[in-house]
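Structure first, then comments.
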Amino acid sequence: MRLVILYSAFVLLLTIPINGQTLYPTTSGSVGAVYTMSNAASMNQILIHSLNSTGQLTLTNSVNTNGTGVNTTAGDPLFSQGALGVYSNYLFAVNPGSNSLSMFMLSSSDATQVTLISVQPAYGVFPVSVAVNNMYACVLTGGSMTGIRCYTYNSSGLFIVTSFDRNLTSILSQSVPPSGPRQTFSEILFSADNMALIISIKGFNATSPGSLLFYTFNSDKTVLAANPIQTIPTGGILPFSMTLVGMNGLLITDPGAAGVLTMTYSSTSGTISNIMLTSVNTTLASALCWSTYSPNVGNYYVIGAGTATIVELALNLTSTSNPVQIIQYYQLPSNTGALEATVVSLAGTDYLYVIGTTAHVITGYQLKAAGQAMANGMVTSQLGDTTSIPKLAGIAAFVNTKSSKSLATSVFVSTKIMIVLVVVSLFML
Ligand SMILES: *[C@@H]1O[C@H](CO)[C@@H](O)[C@H](O)[C@H]1NC(C)=O
Ligand SMILES: *[C@@H]1O[C@H](CO)[C@@H](O)[C@H](O)[C@H]1NC(C)=O
Ligand SMILES: *[C@@H]1O[C@H](CO)[C@@H](O)[C@H](O)[C@H]1NC(C)=O
Ligand SMILES: *[C@@H]1O[C@H](CO)[C@@H](O)[C@H](O)[C@H]1NC(C)=O
Ligand SMILES: *[C@@H]1O[C@H](CO)[C@@H](O)[C@H](O)[C@H]1NC(C)=O
Ligand SMILES: *[C@@H]1O[C@H](CO)[C@@H](O)[C@H](O)[C@H]1NC(C)=O
Ligand SMILES: *[C@@H]1O[C@H](CO)[C@@H](O)[C@H](O)[C@H]1NC(C)=O
Ligand SMILES: *[C@@H]1O[C@H](CO)[C@@H](O)[C@H](O)[C@H]1NC(C)=O
């Protein structure tokens, strides 16, 4: 009987909902996974790190994308954000070297189980960023021919929506691989209401600055505008990553302007307003290129490549005079080489993961509260042949949403045990 009670207590512990999110650990204690891609020239691979309930990572396995990355030793060959994307239980990855998009199914009960289900051509050369919502996956290419292509997707794979193909070569074309960061494509994103696709493009200098493109959808999202609305955010030079702020705001990092741009937008007209450049202390943080958001803390985290710094920001876009407050600068471990980052929520606590492209690591932080990002381990993210040192790109995560079959059985058994216990205790009264 004591064993039974212990066992049911154990099973209950495995699936306790905290702050609305139930964690479903596998028997090895993994509650999810964090993914990056090797970007290797001979075979691009997804590197899979299991995530435990205290946010620590362990490199567990890898899976081929059936596509190729970039043959370079450059620190950041893509100059983009969003090379990987997770939506529902699917993972999407661009293959810059083979001009394609790969789609994987993620096991709902074990995020480390990743199965390639589809590889489809992108539109143009050198895909750098992918955006996914419940209807479409859309890919941006940034090479000699540039453009966008969208696909519908389901468990059978990716299906090209040819009527959404758009050629952007007349706006910008590049070498392969692109020589940047100037005049390269940065990111593709859906607006918060999914009524527009937004693309960021880096410019050259203050007199020849970068821009944003808005492609609007019709009301049922079956028609994409033939031409984009192109706008130049005042004060911007090299618009890089974009992070959504609420329903109509954008945070854009700008390594050329040494700060971040904030603005509000209309997804129906493609117009932007209240544009503001907030500068950072360039001694503490330079080359701000990537950004992410912590829903539990409510703050934004921007990554500076030059100084390998995380800058934590509090945003209030209703304020037109002071929309950005710099909360804290955090120095990343030296010589790791900072790149893209993502946030994972685990039962009410957020964890931040930053790629270190030079050292092939992912550095973790626990986001305890505003201004309190605490180092939470570092994992080396490299598998196989290290001779032509591939460069990591893209980072995304998935948290298990179901218990594994054996656990489901245990929960069922434990429910019966609980009933027995209740009946027994009723008898004892
Ligand atoms: C990468 O480039 C190097 C130098 O140009 C070349 O020797 C090597 O074969 C290339 N590797 C692949 C996989 O293309
Ligand atoms: C998570 O993993 C780390 C590093 O392997 C370990 O120290 C820690 O105890 C683990 N936590 C849990 C709850 O499993
Ligand atoms: C990936 O490549 C392997 C080996 O060539 C092949 O067996 C498999 O069908 C490919 N998968 C997809 C989804 O293209
Ligand atoms: C997936 O979508 C394609 C294209 O719309 C459709 O032909 C196919 O039947 C769908 N498959 C599933 C499993 O829903
Ligand atoms: C895309 O546009 C460029 C220049 O505008 C043109 O040269 C090229 O042929 C176009 N590509 C396709 C596939 O239409
Ligand atoms: C800015 O870039 C443009 C386009 O490359 C160039 O023509 C111009 O000379 C540059 N201006 C300055 C001030 O460097
Ligand atoms: C920027 O940071 C450095 C190093 O902490 C500090 O010495 C300097 O005063 C700061 N500059 C400004 C303008 O705050
Ligand atoms: C945001 O800014 C507006 C306008 O300045 C102000 O009224 C509001 O109190 C601010 N909100 C917060 C949470 O600080």
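Residue names in the structure tokens use chain letters A, B, ... in the order shown, residue numbers from 1 in each chain, and ligand numbers from 1 in the order shown.
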
Item to complete: Just the residues within 7 Å of region 171-182 of chain A, please, counting only C-alpha atoms, with nothing from its chain fewer than 2 positions along; format it as an NGL selection string.
Response: :A and (77 or 79 or 142-146 or 168-169 or 184 or 202-204 or 238)

Close residues to ligand 3 using only C-alpha atoms and all ligand atoms, limit 7 Å, as a PDB file with N, CA, C and O atoms, in the first residue's frame:
```pdb
ATOM      1  N   ASN A  66      18.086  16.763 -45.201  1.00  0.00           N
ATOM      2  CA  ASN A  66      18.157  16.394 -46.619  1.00  0.00           C
ATOM      3  C   ASN A  66      18.443  17.613 -47.496  1.00  0.00           C
ATOM      4  O   ASN A  66      18.099  17.644 -48.672  1.00  0.00           O
ATOM      5  N   LEU A 116      11.758  13.897 -40.272  1.00  0.00           N
ATOM      6  CA  LEU A 116      11.664  14.675 -41.518  1.00  0.00           C
ATOM      7  C   LEU A 116      10.499  14.147 -42.343  1.00  0.00           C
ATOM      8  O   LEU A 116      10.407  12.948 -42.608  1.00  0.00           O
ATOM      9  N   ILE A 117       9.578  15.045 -42.734  1.00  0.00           N
ATOM     10  CA  ILE A 117       8.470  14.568 -43.562  1.00  0.00           C
ATOM     11  C   ILE A 117       8.412  15.221 -44.938  1.00  0.00           C
ATOM     12  O   ILE A 117       7.780  14.693 -45.835  1.00  0.00           O
ATOM     13  N   SER A 118       9.082  16.361 -45.129  1.00  0.00           N
ATOM     14  CA  SER A 118       8.942  17.010 -46.432  1.00  0.00           C
ATOM     15  C   SER A 118      10.096  17.967 -46.697  1.00  0.00           C
ATOM     16  O   SER A 118      10.587  18.629 -45.783  1.00  0.00           O
ATOM     17  N   VAL A 119      10.547  18.022 -47.951  1.00  0.00           N
ATOM     18  CA  VAL A 119      11.550  19.002 -48.393  1.00  0.00           C
ATOM     19  C   VAL A 119      11.033  19.577 -49.704  1.00  0.00           C
ATOM     20  O   VAL A 119      10.745  18.822 -50.634  1.00  0.00           O
TER      21      VAL A 119
END
```

Worksheet entry | Spatial neighbours of region 90-98 of chain A, 6 Å, only C-alpha atoms, chain gap at least 4 places, as a list in words | Gly67, Thr68, Gly69, Val70, Ala83, Leu84, Gly85, Val86, Ser102, Met103, Phe104, Met105, Leu106, Phe126 and Pro127 of chain A

Write out, as a short mmCIF file (atom, residue, chain, number, x, y, z; two decimals), in the first residue's frame, the residues just selected, with all heavy atoms.
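So result16.cif came out as:
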```
data_model
loop_
_atom_site.label_atom_id
_atom_site.label_comp_id
_atom_site.auth_asym_id
_atom_site.auth_seq_id
_atom_site.Cartn_x
_atom_site.Cartn_y
_atom_site.Cartn_z
N GLY A 67 19.05 18.61 -46.89
CA GLY A 67 19.46 19.80 -47.64
C GLY A 67 20.84 20.20 -47.16
O GLY A 67 21.42 19.54 -46.29
N THR A 68 21.37 21.28 -47.71
CA THR A 68 22.72 21.70 -47.33
C THR A 68 22.75 23.12 -46.78
O THR A 68 21.89 23.94 -47.07
CB THR A 68 23.71 21.58 -48.51
OG1 THR A 68 23.26 22.45 -49.56
CG2 THR A 68 23.79 20.16 -49.03
N GLY A 69 23.80 23.36 -45.98
CA GLY A 69 24.02 24.69 -45.40
C GLY A 69 25.07 25.45 -46.20
O GLY A 69 25.10 25.38 -47.43
N VAL A 70 25.94 26.15 -45.49
CA VAL A 70 26.90 27.04 -46.14
C VAL A 70 28.32 26.56 -45.87
O VAL A 70 28.65 26.21 -44.75
CB VAL A 70 26.75 28.48 -45.60
CG1 VAL A 70 27.46 29.47 -46.49
CG2 VAL A 70 25.29 28.86 -45.46
N ALA A 83 15.87 31.21 -39.07
CA ALA A 83 16.23 30.10 -39.96
C ALA A 83 15.47 28.83 -39.58
O ALA A 83 15.25 27.95 -40.41
CB ALA A 83 17.74 29.85 -39.92
N LEU A 84 15.05 28.75 -38.30
CA LEU A 84 14.22 27.65 -37.82
C LEU A 84 12.92 28.24 -37.29
O LEU A 84 12.91 29.35 -36.77
CB LEU A 84 14.88 26.91 -36.65
CG LEU A 84 16.15 26.12 -36.83
CD1 LEU A 84 16.45 25.37 -35.53
CD2 LEU A 84 16.02 25.14 -37.97
N GLY A 85 11.84 27.45 -37.39
CA GLY A 85 10.58 27.87 -36.79
C GLY A 85 9.82 26.66 -36.30
O GLY A 85 9.87 25.60 -36.92
N VAL A 86 9.14 26.81 -35.15
CA VAL A 86 8.27 25.74 -34.65
C VAL A 86 6.86 26.29 -34.61
O VAL A 86 6.63 27.41 -34.16
CB VAL A 86 8.70 25.27 -33.23
CG1 VAL A 86 7.59 24.46 -32.57
CG2 VAL A 86 9.97 24.43 -33.30
N SER A 102 12.82 22.44 -45.21
CA SER A 102 12.54 21.12 -44.66
C SER A 102 11.50 21.25 -43.56
O SER A 102 11.52 22.21 -42.80
CB SER A 102 13.80 20.49 -44.07
OG SER A 102 14.76 20.27 -45.08
N MET A 103 10.62 20.26 -43.50
CA MET A 103 9.58 20.24 -42.47
C MET A 103 9.66 18.92 -41.71
O MET A 103 9.81 17.86 -42.31
CB MET A 103 8.22 20.39 -43.14
CG MET A 103 7.05 20.27 -42.18
SD MET A 103 5.53 20.20 -43.13
CE MET A 103 4.38 19.84 -41.83
N PHE A 104 9.56 19.01 -40.38
CA PHE A 104 9.68 17.85 -39.51
C PHE A 104 8.45 17.74 -38.62
O PHE A 104 7.86 18.75 -38.26
CB PHE A 104 10.89 18.00 -38.58
CG PHE A 104 12.20 18.20 -39.28
CD1 PHE A 104 12.58 19.46 -39.71
CD2 PHE A 104 13.05 17.14 -39.51
CE1 PHE A 104 13.80 19.66 -40.35
CE2 PHE A 104 14.27 17.32 -40.14
CZ PHE A 104 14.64 18.59 -40.57
N MET A 105 8.11 16.51 -38.25
CA MET A 105 7.08 16.31 -37.24
C MET A 105 7.78 16.08 -35.90
O MET A 105 8.77 15.35 -35.84
CB MET A 105 6.19 15.13 -37.60
CG MET A 105 4.93 15.11 -36.75
SD MET A 105 3.81 13.80 -37.20
CE MET A 105 3.43 14.21 -38.88
N LEU A 106 7.26 16.71 -34.85
CA LEU A 106 7.82 16.55 -33.51
C LEU A 106 6.89 15.65 -32.71
O LEU A 106 5.66 15.84 -32.75
CB LEU A 106 7.93 17.93 -32.82
CG LEU A 106 8.70 19.00 -33.60
CD1 LEU A 106 8.57 20.35 -32.90
CD2 LEU A 106 10.16 18.59 -33.75
N PHE A 126 19.18 30.78 -51.77
CA PHE A 126 19.70 31.05 -50.44
C PHE A 126 18.62 31.47 -49.43
O PHE A 126 18.58 32.62 -48.97
CB PHE A 126 20.81 32.10 -50.49
CG PHE A 126 21.82 31.98 -49.37
CD1 PHE A 126 22.84 31.05 -49.42
CD2 PHE A 126 21.73 32.80 -48.25
CE1 PHE A 126 23.76 30.93 -48.39
CE2 PHE A 126 22.65 32.69 -47.20
CZ PHE A 126 23.67 31.75 -47.28
N PRO A 127 17.72 30.53 -49.07
CA PRO A 127 16.69 30.86 -48.05
C PRO A 127 17.34 31.17 -46.71
O PRO A 127 18.29 30.50 -46.29
CB PRO A 127 15.84 29.60 -47.97
CG PRO A 127 16.68 28.50 -48.54
CD PRO A 127 17.58 29.15 -49.55
#
```

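For region 240-424 of chain A, backbone-based DSSP assignment of alpha helix (DSSP H) covers A:Lys405, A:Ser406, A:Leu407, A:Ala408, A:Thr409, A:Ser410, A:Val411, A:Phe412, A:Val413, A:Ser414, A:Thr415, A:Lys416, A:Ile417, A:Met418, A:Ile419, A:Val420, A:Leu421, A:Val422, A:Val423, A:Val424.
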
Counting only C-alpha atoms and all ligand atoms, which residues of chain A fall within 12 Å of ligand 2, and what is the closest atom pair for each with its distance in Å at one decimal, ordered by chain and rising number, as CSV?
```
residue,atom,partner,partner_atom_place_in_ligand_line,distance
A:Leu13,CA,ligand 2,13 (C),11.8
A:Leu14,CA,ligand 2,13 (C),11.1
A:Leu23,CA,ligand 2,13 (C),11.6
A:Pro25,CA,ligand 2,14 (O),9.5
A:Thr26,CA,ligand 2,14 (O),10.9
A:Thr27,CA,ligand 2,14 (O),10.9
A:Ser28,CA,ligand 2,14 (O),8.6
A:Gly29,CA,ligand 2,14 (O),5.9
A:Ser30,CA,ligand 2,14 (O),7.8
A:Val31,CA,ligand 2,14 (O),9.4
A:Gly32,CA,ligand 2,1 (C),11.9
A:His49,CA,ligand 2,5 (O),11.4
A:Ser50,CA,ligand 2,2 (O),9.4
A:Leu51,CA,ligand 2,1 (C),7.6
A:Asn52,CA,ligand 2,1 (C),5.0
A:Ser53,CA,ligand 2,13 (C),5.0
A:Thr54,CA,ligand 2,13 (C),5.1
A:Gly55,CA,ligand 2,1 (C),6.6
A:Gln56,CA,ligand 2,2 (O),4.7
A:Leu57,CA,ligand 2,2 (O),6.6
A:Thr58,CA,ligand 2,5 (O),6.8
A:Leu59,CA,ligand 2,5 (O),10.4
A:Thr60,CA,ligand 2,5 (O),11.9
A:Leu346,CA,ligand 2,13 (C),11.6
A:Gly364,CA,ligand 2,4 (C),11.3
A:Asn376,CA,ligand 2,3 (C),9.1
A:Gly377,CA,ligand 2,4 (C),7.6
A:Met378,CA,ligand 2,4 (C),9.4
A:Val379,CA,ligand 2,4 (C),9.5
```

Preceding selection exported with C-alpha atoms as a compact mmCIF listing (two decimals), in the first residue's frame:
```
# COMPACT_ATOMS: atom_id res chain seq x y z
CA LEU A 13 4.30 14.75 -9.67
CA LEU A 14 5.03 13.95 -13.29
CA LEU A 23 4.89 19.47 -17.98
CA PRO A 25 8.55 14.52 -18.70
CA THR A 26 9.76 11.44 -20.54
CA THR A 27 11.17 8.61 -18.43
CA SER A 28 14.59 10.28 -18.80
CA GLY A 29 13.26 13.58 -17.41
CA SER A 30 13.11 15.52 -20.69
CA VAL A 31 10.17 17.95 -20.83
CA GLY A 32 10.97 19.37 -24.27
CA HIS A 49 18.99 19.20 -27.13
CA SER A 50 16.70 17.72 -24.53
CA LEU A 51 15.41 20.22 -22.01
CA ASN A 52 14.81 19.26 -18.39
CA SER A 53 12.36 20.89 -16.00
CA THR A 54 15.01 23.25 -14.60
CA GLY A 55 15.93 24.44 -18.08
CA GLN A 56 19.24 22.64 -18.57
CA LEU A 57 20.09 21.25 -22.00
CA THR A 58 21.76 18.01 -23.10
CA LEU A 59 22.72 17.40 -26.74
CA THR A 60 20.96 14.12 -27.52
CA LEU A 346 8.28 25.93 -18.40
CA GLY A 364 21.13 29.20 -21.02
CA ASN A 376 21.75 28.37 -16.21
CA GLY A 377 24.36 26.22 -17.96
CA MET A 378 26.02 25.95 -21.33
CA VAL A 379 25.98 23.02 -23.72
```

Fill in: Residue contacts of Ile48 (chain A) (12 Å, only C-alpha atoms) excluding same-chain residues fewer than 2 positions away, as a PyMOL selection string
chain A and resi 30+32-38+45-46+50-51+57-64+91+106+110-115+362+379-383+395-398

What's around Ser319 (chain A) at 12 Å? Count only C-alpha atoms, leave out sequence neighbours fewer than 4 positions away in its own chain, and write the answer as a PDB file with C-alpha atoms, in the first residue's frame.
```
ATOM      1  CA  GLY A 249       3.896  46.929 -32.330  1.00  0.00           C
ATOM      2  CA  THR A 262      10.193  50.632 -32.066  1.00  0.00           C
ATOM      3  CA  MET A 263       7.020  51.429 -33.970  1.00  0.00           C
ATOM      4  CA  THR A 264       3.363  50.615 -34.365  1.00  0.00           C
ATOM      5  CA  ASN A 274       5.517  56.351 -33.772  1.00  0.00           C
ATOM      6  CA  ILE A 275       8.943  55.262 -35.024  1.00  0.00           C
ATOM      7  CA  MET A 276      11.616  55.758 -32.392  1.00  0.00           C
ATOM      8  CA  ALA A 314      10.987  46.957 -21.030  1.00  0.00           C
ATOM      9  CA  LEU A 315       8.672  48.311 -23.723  1.00  0.00           C
ATOM     10  CA  PRO A 323       8.830  53.658 -25.335  1.00  0.00           C
ATOM     11  CA  VAL A 324      11.993  51.719 -24.407  1.00  0.00           C
ATOM     12  CA  GLN A 325      13.581  51.375 -20.999  1.00  0.00           C
TER      13      GLN A 325
END
```

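Once only C-alpha atoms and all ligand atoms are used for the distance check, the residues close to ligand 1 at 9 Å turn out to be Ala40, Ala41, Ser42, Met43, Thr68, Val70, Asn71, Thr72 and Ser388 of chain A.
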
I need the chosen residues saved as a compact mmCIF listing (two decimals), in the first residue's frame, with C-alpha atoms.
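Output contents, as saved in result.txt:
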```txt
# COMPACT_ATOMS: atom_id res chain seq x y z
CA ALA A 40 26.89 22.22 -42.61
CA ALA A 41 27.90 22.29 -46.27
CA SER A 42 27.62 18.57 -47.01
CA MET A 43 24.43 17.92 -44.98
CA THR A 68 22.72 21.70 -47.33
CA VAL A 70 26.90 27.04 -46.14
CA ASN A 71 30.56 26.20 -46.73
CA THR A 72 32.15 29.04 -44.81
CA SER A 388 34.93 22.06 -41.94
```

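CA of Ile326 (chain A) to atom 14 (O, counted along the ligand's line) of ligand 7 spans 11.2 Å [interatomic distance, one decimal].
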